[in-house]
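Engineer: So here's coords.pdb, just PDB, C-alpha atoms:
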MODEL        1
ATOM      1  CA  MET A   1       0.000   0.000   0.000
ATOM      2  CA  ILE A   2       1.165   3.510  -0.829
ATOM      3  CA  PHE A   3       0.272   6.112   1.806
ATOM      4  CA  VAL A   4      -0.014   9.665   0.527
ATOM      5  CA  THR A   5      -0.154  12.479   3.082
ATOM      6  CA  VAL A   6      -0.192  16.272   2.881
ATOM      7  CA  GLY A   7      -0.323  16.947   6.622
ATOM      8  CA  THR A   8      -3.206  18.571   8.441
ATOM      9  CA  GLN A   9      -2.628  22.283   7.922
ATOM     10  CA  LEU A  10      -3.070  22.912   4.214
ATOM     11  CA  SER A  11      -4.333  21.143   1.127
ATOM     12  CA  PHE A  12      -1.908  20.132  -1.605
ATOM     13  CA  ASP A  13      -4.062  19.182  -4.601
ATOM     14  CA  ARG A  14      -1.117  19.193  -7.013
ATOM     15  CA  LEU A  15       0.366  16.171  -5.244
ATOM     16  CA  ILE A  16      -2.962  14.345  -4.880
ATOM     17  CA  THR A  17      -3.812  14.919  -8.564
ATOM     18  CA  ALA A  18      -0.430  13.576  -9.652
ATOM     19  CA  VAL A  19      -0.846  10.356  -7.660
ATOM     20  CA  ASP A  20      -4.493   9.984  -8.713
ATOM     21  CA  LYS A  21      -3.474  10.288 -12.361
ATOM     22  CA  TRP A  22      -0.665   7.774 -11.958
ATOM     23  CA  SER A  23      -3.124   5.370 -10.334
ATOM     24  CA  VAL A  24      -5.250   5.172 -13.502
ATOM     25  CA  ASN A  25      -2.536   3.092 -15.167
ATOM     26  CA  ASN A  26      -1.530   1.287 -11.982
ATOM     27  CA  PRO A  27      -4.816   0.019 -10.553
ATOM     28  CA  SER A  28      -3.232  -2.959  -8.776
ATOM     29  CA  ASP A  29      -1.205  -0.692  -6.466
ATOM     30  CA  LYS A  30      -3.424   0.190  -3.538
ATOM     31  CA  VAL A  31      -3.185   3.853  -2.543
ATOM     32  CA  PHE A  32      -4.615   5.642   0.461
ATOM     33  CA  ALA A  33      -4.385   9.440   0.542
ATOM     34  CA  GLN A  34      -4.898  11.899   3.377
ATOM     35  CA  VAL A  35      -5.751  14.997   1.389
ATOM     36  CA  GLY A  36      -6.226  17.714   4.033
ATOM     37  CA  PRO A  37      -8.704  20.597   3.920
ATOM     38  CA  THR A  38      -9.773  20.550   0.252
ATOM     39  CA  ASP A  39     -12.872  20.177  -1.924
ATOM     40  CA  TYR A  40     -10.894  18.175  -4.449
ATOM     41  CA  ALA A  41     -11.882  14.502  -4.520
ATOM     42  CA  PRO A  42      -9.480  12.076  -6.239
ATOM     43  CA  LYS A  43     -11.262   9.561  -8.492
ATOM     44  CA  HIS A  44      -9.001   6.542  -8.568
ATOM     45  CA  ILE A  45      -7.637   6.218  -5.025
ATOM     46  CA  GLU A  46      -9.083   5.868  -1.554
ATOM     47  CA  PHE A  47      -8.841   8.999   0.535
ATOM     48  CA  ALA A  48      -9.867  10.904   3.660
ATOM     49  CA  ASP A  49      -9.492  14.596   4.481
ATOM     50  CA  PHE A  50      -7.947  13.798   7.855
ATOM     51  CA  VAL A  51      -7.127  10.672   9.850
ATOM     52  CA  ALA A  52      -6.617  10.375  13.624
ATOM     53  CA  PRO A  53      -2.967  10.280  14.764
ATOM     54  CA  ASP A  54      -3.104   6.572  15.676
ATOM     55  CA  VAL A  55      -4.639   5.731  12.278
ATOM     56  CA  ALA A  56      -1.970   7.777  10.507
ATOM     57  CA  ASP A  57       0.681   5.936  12.517
ATOM     58  CA  GLY A  58      -0.823   2.605  11.442
ATOM     59  CA  LEU A  59      -0.813   3.690   7.791
ATOM     60  CA  PHE A  60       2.869   4.670   8.025
ATOM     61  CA  LYS A  61       3.681   1.237   9.442
ATOM     62  CA  GLN A  62       1.601  -0.666   6.858
ATOM     63  CA  ALA A  63       2.743   1.262   3.814
ATOM     64  CA  SER A  64       5.520   0.085   1.519
ATOM     65  CA  LEU A  65       6.008   3.674   0.315
ATOM     66  CA  ILE A  66       5.116   7.121   1.681
ATOM     67  CA  VAL A  67       4.377   9.965  -0.727
ATOM     68  CA  SER A  68       4.242  13.317   1.010
ATOM     69  CA  HIS A  69       4.679  17.069   1.042
ATOM     70  CA  ALA A  70       8.096  18.048   2.433
ATOM     71  CA  GLY A  71       6.793  18.407   5.985
ATOM     72  CA  MET A  72       8.945  17.348   8.938
ATOM     73  CA  GLY A  73       6.167  15.342  10.621
ATOM     74  CA  SER A  74       5.846  12.992   7.637
ATOM     75  CA  ILE A  75       9.588  12.871   7.010
ATOM     76  CA  LEU A  76      10.600  12.113  10.615
ATOM     77  CA  THR A  77       7.890   9.450  10.896
ATOM     78  CA  ALA A  78       8.966   7.761   7.654
ATOM     79  CA  LEU A  79      12.603   7.783   8.802
ATOM     80  CA  LYS A  80      11.602   6.355  12.186
ATOM     81  CA  TYR A  81       9.826   3.403  10.539
ATOM     82  CA  LYS A  82      12.544   3.029   7.875
ATOM     83  CA  LYS A  83       9.989   3.524   5.104
ATOM     84  CA  PRO A  84      10.997   5.005   1.760
ATOM     85  CA  ILE A  85       9.488   8.452   1.394
ATOM     86  CA  LEU A  86       8.961  10.413  -1.802
ATOM     87  CA  ILE A  87       8.562  14.120  -1.066
ATOM     88  CA  MET A  88       7.324  16.914  -3.285
ATOM     89  CA  PRO A  89       7.918  20.366  -1.760
ATOM     90  CA  ARG A  90       5.096  22.914  -1.613
ATOM     91  CA  ARG A  91       5.689  26.154  -3.492
ATOM     92  CA  ALA A  92       4.745  29.558  -2.148
ATOM     93  CA  SER A  93       4.410  30.906  -5.713
ATOM     94  CA  LEU A  94       1.520  28.464  -6.264
ATOM     95  CA  GLY A  95      -0.148  29.407  -2.976
ATOM     96  CA  GLU A  96       0.748  26.050  -1.418
ATOM     97  CA  HIS A  97       2.464  27.507   1.660
ATOM     98  CA  ARG A  98       3.398  30.872   3.103
ATOM     99  CA  ASN A  99       7.050  30.562   2.143
ATOM    100  CA  ASP A 100       9.442  28.178   0.432
ATOM    101  CA  HIS A 101      10.861  26.415   3.485
ATOM    102  CA  GLN A 102       9.776  23.066   2.012
ATOM    103  CA  LEU A 103      12.044  23.654  -0.976
ATOM    104  CA  ALA A 104      14.864  24.202   1.525
ATOM    105  CA  THR A 105      13.909  21.007   3.379
ATOM    106  CA  ALA A 106      13.967  19.053   0.117
ATOM    107  CA  LYS A 107      17.396  20.477  -0.622
ATOM    108  CA  TRP A 108      19.051  19.550   2.694
ATOM    109  CA  LEU A 109      17.337  16.180   3.102
ATOM    110  CA  GLY A 110      17.305  15.156  -0.548
ATOM    111  CA  SER A 111      20.454  13.047  -0.299
ATOM    112  CA  THR A 112      19.485  11.332   2.975
ATOM    113  CA  PRO A 113      19.039   7.550   2.553
ATOM    114  CA  GLY A 114      15.335   6.749   2.449
ATOM    115  CA  ILE A 115      14.297  10.146   1.104
ATOM    116  CA  THR A 116      13.672  10.899  -2.572
ATOM    117  CA  VAL A 117      12.662  14.319  -3.860
ATOM    118  CA  ALA A 118      10.226  14.874  -6.716
ATOM    119  CA  LYS A 119      10.537  18.447  -7.929
ATOM    120  CA  ASP A 120       7.143  18.395  -9.600
ATOM    121  CA  GLU A 121       4.216  16.249 -10.777
ATOM    122  CA  SER A 122       6.080  14.749 -13.723
ATOM    123  CA  GLU A 123       8.824  13.516 -11.401
ATOM    124  CA  ILE A 124       6.171  12.010  -9.121
ATOM    125  CA  GLU A 125       4.977   9.932 -12.053
ATOM    126  CA  ILE A 126       8.484   8.869 -13.068
ATOM    127  CA  LEU A 127       9.519   7.990  -9.517
ATOM    128  CA  LEU A 128       6.283   6.111  -8.823
ATOM    129  CA  ASN A 129       6.929   4.058 -11.952
ATOM    130  CA  ASN A 130      10.316   3.212 -10.437
ATOM    131  CA  ARG A 131       8.933   2.722  -6.919
ATOM    132  CA  ASN A 132      10.658  -0.646  -6.529
ATOM    133  CA  THR A 133      14.026   1.103  -6.549
ATOM    134  CA  LEU A 134      13.107   3.341  -3.582
ATOM    135  CA  ASN A 135      14.420   1.980  -0.297
ATOM    136  CA  GLY A 136      13.897   2.914   3.327
ATOM    137  CA  GLY A 137      16.698   4.554   5.298
ATOM    138  CA  GLY A 138      18.655   3.107   8.180
ATOM    139  CA  GLY A 139      16.339   4.605  10.799
ATOM    140  CA  ILE A 140      16.941   7.409  13.254
ATOM    141  CA  SER A 141      17.504   7.568  16.986
ATOM    142  CA  ASP A 142      14.375   7.821  19.140
ATOM    143  CA  PHE A 143      15.282  11.214  20.533
ATOM    144  CA  ALA A 144      16.996  14.522  19.786
ATOM    145  CA  SER A 145      20.775  14.864  19.602
ATOM    146  CA  PRO A 146      22.399  14.139  23.013
ATOM    147  CA  ASP A 147      23.959  17.629  23.133
ATOM    148  CA  LEU A 148      20.569  19.310  22.739
ATOM    149  CA  VAL A 149      18.895  17.067  25.331
ATOM    150  CA  LYS A 150      21.735  17.636  27.800
ATOM    151  CA  ARG A 151      21.735  21.428  27.491
ATOM    152  CA  LEU A 152      17.945  21.637  27.787
ATOM    153  CA  GLN A 153      18.005  19.374  30.821
ATOM    154  CA  GLU A 154      20.731  21.451  32.488
ATOM    155  CA  TYR A 155      18.792  24.632  31.836
ATOM    156  CA  ILE A 156      15.525  23.181  33.177
ATOM    157  CA  LEU A 157      17.172  21.927  36.370
ATOM    158  CA  ALA A 158      18.948  25.235  36.941
ATOM    159  CA  ASN A 159      15.790  27.351  36.656
TER     160      ASN A 159
ATOM    161  CA  MET B   1      11.262  30.160  51.491
ATOM    162  CA  GLU B   2      13.585  28.310  49.158
ATOM    163  CA  ASP B   3      13.203  24.940  50.880
ATOM    164  CA  MET B   4       9.401  25.098  50.591
ATOM    165  CA  LYS B   5       9.672  24.857  46.816
ATOM    166  CA  PRO B   6       8.552  21.530  45.346
ATOM    167  CA  MET B   7      11.508  19.518  44.129
ATOM    168  CA  ARG B   8      10.003  18.608  40.785
ATOM    169  CA  LYS B   9      10.172  21.325  38.150
ATOM    170  CA  ARG B  10       6.876  22.110  36.502
ATOM    171  CA  VAL B  11       7.372  21.992  32.751
ATOM    172  CA  LEU B  12       4.835  23.037  30.133
ATOM    173  CA  ALA B  13       5.671  21.641  26.682
ATOM    174  CA  VAL B  14       3.786  23.099  23.736
ATOM    175  CA  ALA B  15       3.574  22.235  20.034
ATOM    176  CA  SER B  16       1.122  22.526  17.159
ATOM    177  CA  GLY B  17       0.205  19.341  15.320
ATOM    178  CA  GLY B  18       2.318  17.514  12.760
ATOM    179  CA  GLY B  19       6.033  18.249  12.566
ATOM    180  CA  HIS B  20       6.061  20.568  15.578
ATOM    181  CA  TRP B  21       4.620  17.812  17.767
ATOM    182  CA  VAL B  22       6.910  15.117  16.367
ATOM    183  CA  GLN B  23       9.908  17.320  17.166
ATOM    184  CA  LEU B  24       8.661  18.099  20.696
ATOM    185  CA  LEU B  25       8.321  14.364  21.411
ATOM    186  CA  ARG B  26      11.982  13.929  20.538
ATOM    187  CA  LEU B  27      12.933  16.253  23.428
ATOM    188  CA  ARG B  28      11.260  14.149  26.130
ATOM    189  CA  PRO B  29      14.443  12.857  27.806
ATOM    190  CA  ALA B  30      15.165  16.487  28.775
ATOM    191  CA  PHE B  31      11.999  16.520  30.912
ATOM    192  CA  GLU B  32      12.918  13.439  32.942
ATOM    193  CA  GLY B  33      12.160  13.893  36.636
ATOM    194  CA  CYS B  34       9.952  16.917  35.957
ATOM    195  CA  GLN B  35       6.230  17.314  36.298
ATOM    196  CA  ILE B  36       5.091  17.706  32.704
ATOM    197  CA  VAL B  37       1.962  19.049  31.045
ATOM    198  CA  TYR B  38       1.537  19.266  27.271
ATOM    199  CA  ILE B  39      -0.442  21.557  24.982
ATOM    200  CA  SER B  40      -1.192  20.620  21.384
ATOM    201  CA  THR B  41      -3.980  20.844  18.829
ATOM    202  CA  ASN B  42      -5.140  17.228  18.505
ATOM    203  CA  ALA B  43      -6.661  15.069  21.274
ATOM    204  CA  GLY B  44      -5.306  11.956  19.561
ATOM    205  CA  TYR B  45      -1.787  12.913  20.649
ATOM    206  CA  GLN B  46      -2.591  11.863  24.237
ATOM    207  CA  ALA B  47      -1.544   8.336  23.236
ATOM    208  CA  ASP B  48       2.000   9.631  22.611
ATOM    209  CA  VAL B  49       2.630  10.972  26.121
ATOM    210  CA  GLN B  50       2.345  10.091  29.802
ATOM    211  CA  GLY B  51       1.572  13.572  31.118
ATOM    212  CA  VAL B  52      -1.688  15.519  30.848
ATOM    213  CA  LEU B  53      -2.392  16.866  27.349
ATOM    214  CA  HIS B  54      -4.482  20.013  26.914
ATOM    215  CA  VAL B  55      -5.963  20.537  23.460
ATOM    216  CA  VAL B  56      -6.304  24.079  22.113
ATOM    217  CA  MET B  57      -7.706  25.560  18.926
ATOM    218  CA  ASP B  58      -5.532  25.010  15.869
ATOM    219  CA  ALA B  59      -4.784  28.490  14.575
ATOM    220  CA  ASN B  60      -1.939  30.111  12.707
ATOM    221  CA  MET B  61      -0.763  33.696  12.748
ATOM    222  CA  TRP B  62      -3.064  34.526   9.825
ATOM    223  CA  GLN B  63      -6.407  33.461  11.375
ATOM    224  CA  LYS B  64      -7.389  36.271  13.728
ATOM    225  CA  MET B  65     -10.566  34.950  15.390
ATOM    226  CA  LYS B  66      -9.228  31.444  15.903
ATOM    227  CA  LEU B  67      -6.011  32.983  17.194
ATOM    228  CA  ILE B  68      -7.846  34.962  19.862
ATOM    229  CA  LYS B  69      -9.672  31.865  21.087
ATOM    230  CA  MET B  70      -6.446  29.853  21.115
ATOM    231  CA  PHE B  71      -4.592  32.646  22.983
ATOM    232  CA  MET B  72      -7.277  32.617  25.675
ATOM    233  CA  GLN B  73      -7.174  28.829  26.013
ATOM    234  CA  VAL B  74      -3.398  28.866  26.331
ATOM    235  CA  ALA B  75      -3.472  31.774  28.798
ATOM    236  CA  TRP B  76      -5.874  29.864  31.034
ATOM    237  CA  ILE B  77      -3.672  26.760  31.060
ATOM    238  CA  VAL B  78      -0.559  28.818  31.852
ATOM    239  CA  ILE B  79      -2.349  30.686  34.650
ATOM    240  CA  SER B  80      -3.745  27.526  36.251
ATOM    241  CA  TYR B  81      -0.634  25.345  35.896
ATOM    242  CA  ARG B  82       1.974  28.001  36.746
ATOM    243  CA  PRO B  83       4.932  26.261  35.076
ATOM    244  CA  ASP B  84       8.558  26.947  36.042
ATOM    245  CA  ILE B  85       9.623  26.256  32.460
ATOM    246  CA  ILE B  86       7.819  26.591  29.145
ATOM    247  CA  ILE B  87       9.341  24.896  26.138
ATOM    248  CA  THR B  88       7.973  24.894  22.608
ATOM    249  CA  THR B  89       8.836  23.851  19.068
ATOM    250  CA  GLY B  90       6.187  26.257  17.659
ATOM    251  CA  ALA B  91       4.124  27.489  16.232
ATOM    252  CA  ALA B  92       1.347  29.921  17.282
ATOM    253  CA  PRO B  93       0.245  28.069  20.478
ATOM    254  CA  GLY B  94       3.873  27.910  21.591
ATOM    255  CA  PHE B  95       4.291  31.598  20.888
ATOM    256  CA  SER B  96       1.326  32.492  23.074
ATOM    257  CA  ALA B  97       2.414  30.140  25.866
ATOM    258  CA  ILE B  98       5.837  31.794  25.936
ATOM    259  CA  MET B  99       4.306  35.271  25.916
ATOM    260  CA  PHE B 100       1.945  34.592  28.836
ATOM    261  CA  GLY B 101       4.474  32.473  30.664
ATOM    262  CA  LYS B 102       7.089  35.188  30.515
ATOM    263  CA  LEU B 103       4.637  37.689  32.010
ATOM    264  CA  LEU B 104       4.001  35.239  34.867
ATOM    265  CA  GLY B 105       7.681  34.685  35.553
ATOM    266  CA  ALA B 106       8.303  31.327  33.887
ATOM    267  CA  LYS B 107      11.562  30.631  32.102
ATOM    268  CA  THR B 108      10.842  30.207  28.417
ATOM    269  CA  ILE B 109      12.525  28.173  25.682
ATOM    270  CA  TRP B 110      11.777  28.513  21.971
ATOM    271  CA  LEU B 111      13.198  25.823  19.691
ATOM    272  CA  ASP B 112      12.540  26.833  16.095
ATOM    273  CA  SER B 113      11.493  23.952  13.827
ATOM    274  CA  ILE B 114      14.240  22.132  11.942
ATOM    275  CA  ALA B 115      12.162  22.852   8.811
ATOM    276  CA  ASN B 116      13.331  26.466   8.970
ATOM    277  CA  SER B 117      16.769  25.890   7.543
ATOM    278  CA  GLU B 118      17.168  29.183   5.663
ATOM    279  CA  GLU B 119      15.504  31.679   7.985
ATOM    280  CA  LEU B 120      13.740  31.592  11.336
ATOM    281  CA  SER B 121       9.953  31.043  11.290
ATOM    282  CA  THR B 122       7.667  34.072  11.562
ATOM    283  CA  SER B 123       6.699  33.126  15.124
ATOM    284  CA  GLY B 124      10.328  32.413  15.871
ATOM    285  CA  GLN B 125      11.320  35.930  14.864
ATOM    286  CA  LYS B 126       8.517  37.545  16.845
ATOM    287  CA  VAL B 127       9.118  35.518  20.015
ATOM    288  CA  LYS B 128      12.639  36.838  20.624
ATOM    289  CA  ARG B 129      11.681  39.384  23.310
ATOM    290  CA  PHE B 130       9.739  36.788  25.343
ATOM    291  CA  ALA B 131      12.124  33.849  25.043
ATOM    292  CA  ASP B 132      14.831  33.397  27.707
ATOM    293  CA  VAL B 133      16.390  30.734  25.525
ATOM    294  CA  TRP B 134      15.978  31.407  21.825
ATOM    295  CA  LEU B 135      17.136  28.509  19.666
ATOM    296  CA  THR B 136      17.489  27.547  16.029
ATOM    297  CA  GLN B 137      18.475  24.012  15.048
ATOM    298  CA  TRP B 138      20.779  25.362  12.340
ATOM    299  CA  PRO B 139      24.308  26.497  13.276
ATOM    300  CA  HIS B 140      24.448  28.855  10.275
ATOM    301  CA  LEU B 141      21.357  30.740  11.535
ATOM    302  CA  ALA B 142      22.834  31.243  15.010
ATOM    303  CA  ASP B 143      24.896  34.278  15.989
ATOM    304  CA  GLU B 144      25.810  36.451  18.929
ATOM    305  CA  HIS B 145      22.766  38.726  18.693
ATOM    306  CA  GLY B 146      20.451  36.175  17.122
ATOM    307  CA  PRO B 147      19.248  32.750  18.193
ATOM    308  CA  LYS B 148      21.658  30.197  19.640
ATOM    309  CA  CYS B 149      22.108  26.637  18.421
ATOM    310  CA  TRP B 150      22.314  23.887  21.068
ATOM    311  CA  GLY B 151      21.841  20.970  18.646
ATOM    312  CA  SER B 152      18.951  19.530  16.710
ATOM    313  CA  VAL B 153      16.109  17.033  17.047
ATOM    314  CA  LEU B 154      17.868  14.733  14.596
TER     315      LEU B 154
ENDMDL
END
Written as structure tokens, how would this file's structure read?
Structural biologist:
Amino acid sequence: MIFVTVGTQLSFDRLITAVDKWSVNNPSDKVFAQVGPTDYAPKHIEFADFVAPDVADGLFKQASLIVSHAGMGSILTALKYKKPILIMPRRASLGEHRNDHQLATAKWLGSTPGITVAKDESEIEILLNNRNTLNGGGGISDFASPDLVKRLQEYILAN
Amino acid sequence: MEDMKPMRKRVLAVASGGGHWVQLLRLRPAFEGCQIVYISTNAGYQADVQGVLHVVMDANMWQKMKLIKMFMQVAWIVISYRPDIIITTGAAPGFSAIMFGKLLGAKTIWLDSIANSEELSTSGQKVKRFADVWLTQWPHLADEHGPKCWGSVL
């Protein structure tokens, strides 16, 4: 199963449309999409506007591939479960976010094992066609970097 | 009197849903031994944490009416819990918690999201005057007069 998610804050119809279109020619690949606050209804894939956190967690675990906006919640969760994640950054110029921080995220995380960046819809299609070559990463630690945890802890205890 | 103070620090940890919350969860070892209360925007997150979770209105800096309601909800929690420390990974609910907390004498920590790798978030820029500890997760965004970098959630 491919789990598509755009997070809970904003819709991202460009991503959903791209996956929906791809699905027409790939009906045997089951797709579930969490599409966010939008009136757009995909025609060829299962979807919900929102799913509860525990349901989303279950979908991450079940999925063989995550397709997502370049949001840190989706990315960190995919890395945690060692699932391959295909990210397409939102663009401020298209009204998809307030600024282009997702382009920056795609740039600095693009070469991390487990993460693949699709610049646009056409790359989504190409990369989905090659989905069997996308692998999960080596996982991440459960918690923040030890230096950050230590300094926060020291500060909390001292105040 | 100093020795009348409870031993356990009262920590209030605040994050909006999604990436902000996921990043806050990664800081939990820093709260060990503290009394901890959380604020977020989704009741389903209770399953992630041991401490009490308060749910407030999900609002961003561009939704005025929702913002006002959320500010009032956060203010009430801060006033009734009286935390020693407020820590947040953003966004708007964390900003308001830090603002109210600072007025009530709490020590406040802002950790800007790791997603903001080229400039600080809008809330992160505005929170400077209320944050005792003002952090970015990106060394290149830190400087003497700007936010500090103590490490990252990754």
Engineer: Return as number ranges by chain the set of residues that the ChimeraX specification (/A :<8) & /B yields on the displayed structure.
Structural biologist: B: 9, 17-23, 25-31, 44-45, 47, 84-85, 107, 114-118, 150-154
Engineer: Can you spell out as a VMD selection string the set of residues that the PyMOL selection byres ((chain A and resi 49) around 8) selects in the structure I just provided?
Structural biologist: chain A and resid 34 to 38 47 to 48 50 to 51
Engineer: Between atom CA of Met70 of chain B and atom CA of Ala13 of chain B, what is the distance in Å, rounded to a tenth?
Structural biologist: 15.7 Å
Engineer: Separation of atom CA of Ile87 of chain B and atom CA of Val11 of chain B, in Å?
Structural biologist: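 Value for the atom CA of Ile87 of chain B-atom CA of Val11 of chain B distance: 7.5 Å.
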Engineer: Applying the PyMOL selection byres ((chain A and resi 82) around 6) to the file I just gave you, which residues come out? Please list them as a list in words.
Structural biologist: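 Here the PyMOL selection byres ((chain A and resi 82) around 6) matches Ala78, Leu79, Lys80, Tyr81, Lys83, Gly136, Gly137 and Gly139 of chain A.
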Engineer: Between atom CA of Met57 of chain B and atom CA of Asn42 of chain B, what is the spacing in Å?
Structural biologist: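 Going from atom CA of Asn42 of chain B over to atom CA of Met57 of chain B covers 8.7 Å.
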Engineer: Let me have the centre and edge lengths in Å, one decimal, of the box along x, y and z around every listed atom of segment 84-90 of chain B with 3 Å of margin on each side, as JSON.
Structural biologist:
{"center_x": 7.9, "center_y": 25.4, "center_z": 26.9, "size_x": 9.4, "size_y": 9.1, "size_z": 24.4}
Engineer: For Leu134 of chain A, please output as a PyMOL selection string all residues within 10 Å (counting all atoms listed in the file; exclusion window: fewer than 3 positions along the same chain).
Structural biologist: chain A and resi 64-65+83-86+113-116+127-128+130-131+137
Engineer: Of the candidates B:Phe100, B:Trp76, B:Trp138, B:Phe95, which one gets nearest to Ser16 of chain B if we count all atoms listed in the file?
Structural biologist: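 The closest residue to Ser16 of chain B is B:Phe95.
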Engineer: Nearest to Ile87 of chain A: which of A:Ser23, A:Thr5, A:Asn135, A:Ser11 is it, counting all atoms listed in the file?
Structural biologist: A:Thr5
Engineer: Using only C-alpha atoms, which of B:Met7, B:Ile36, B:Val74, B:Ala15 sits nearest Trp110 of chain B?
Structural biologist: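 Answer, going by the shortest atom-to-atom distance: B:Ala15.
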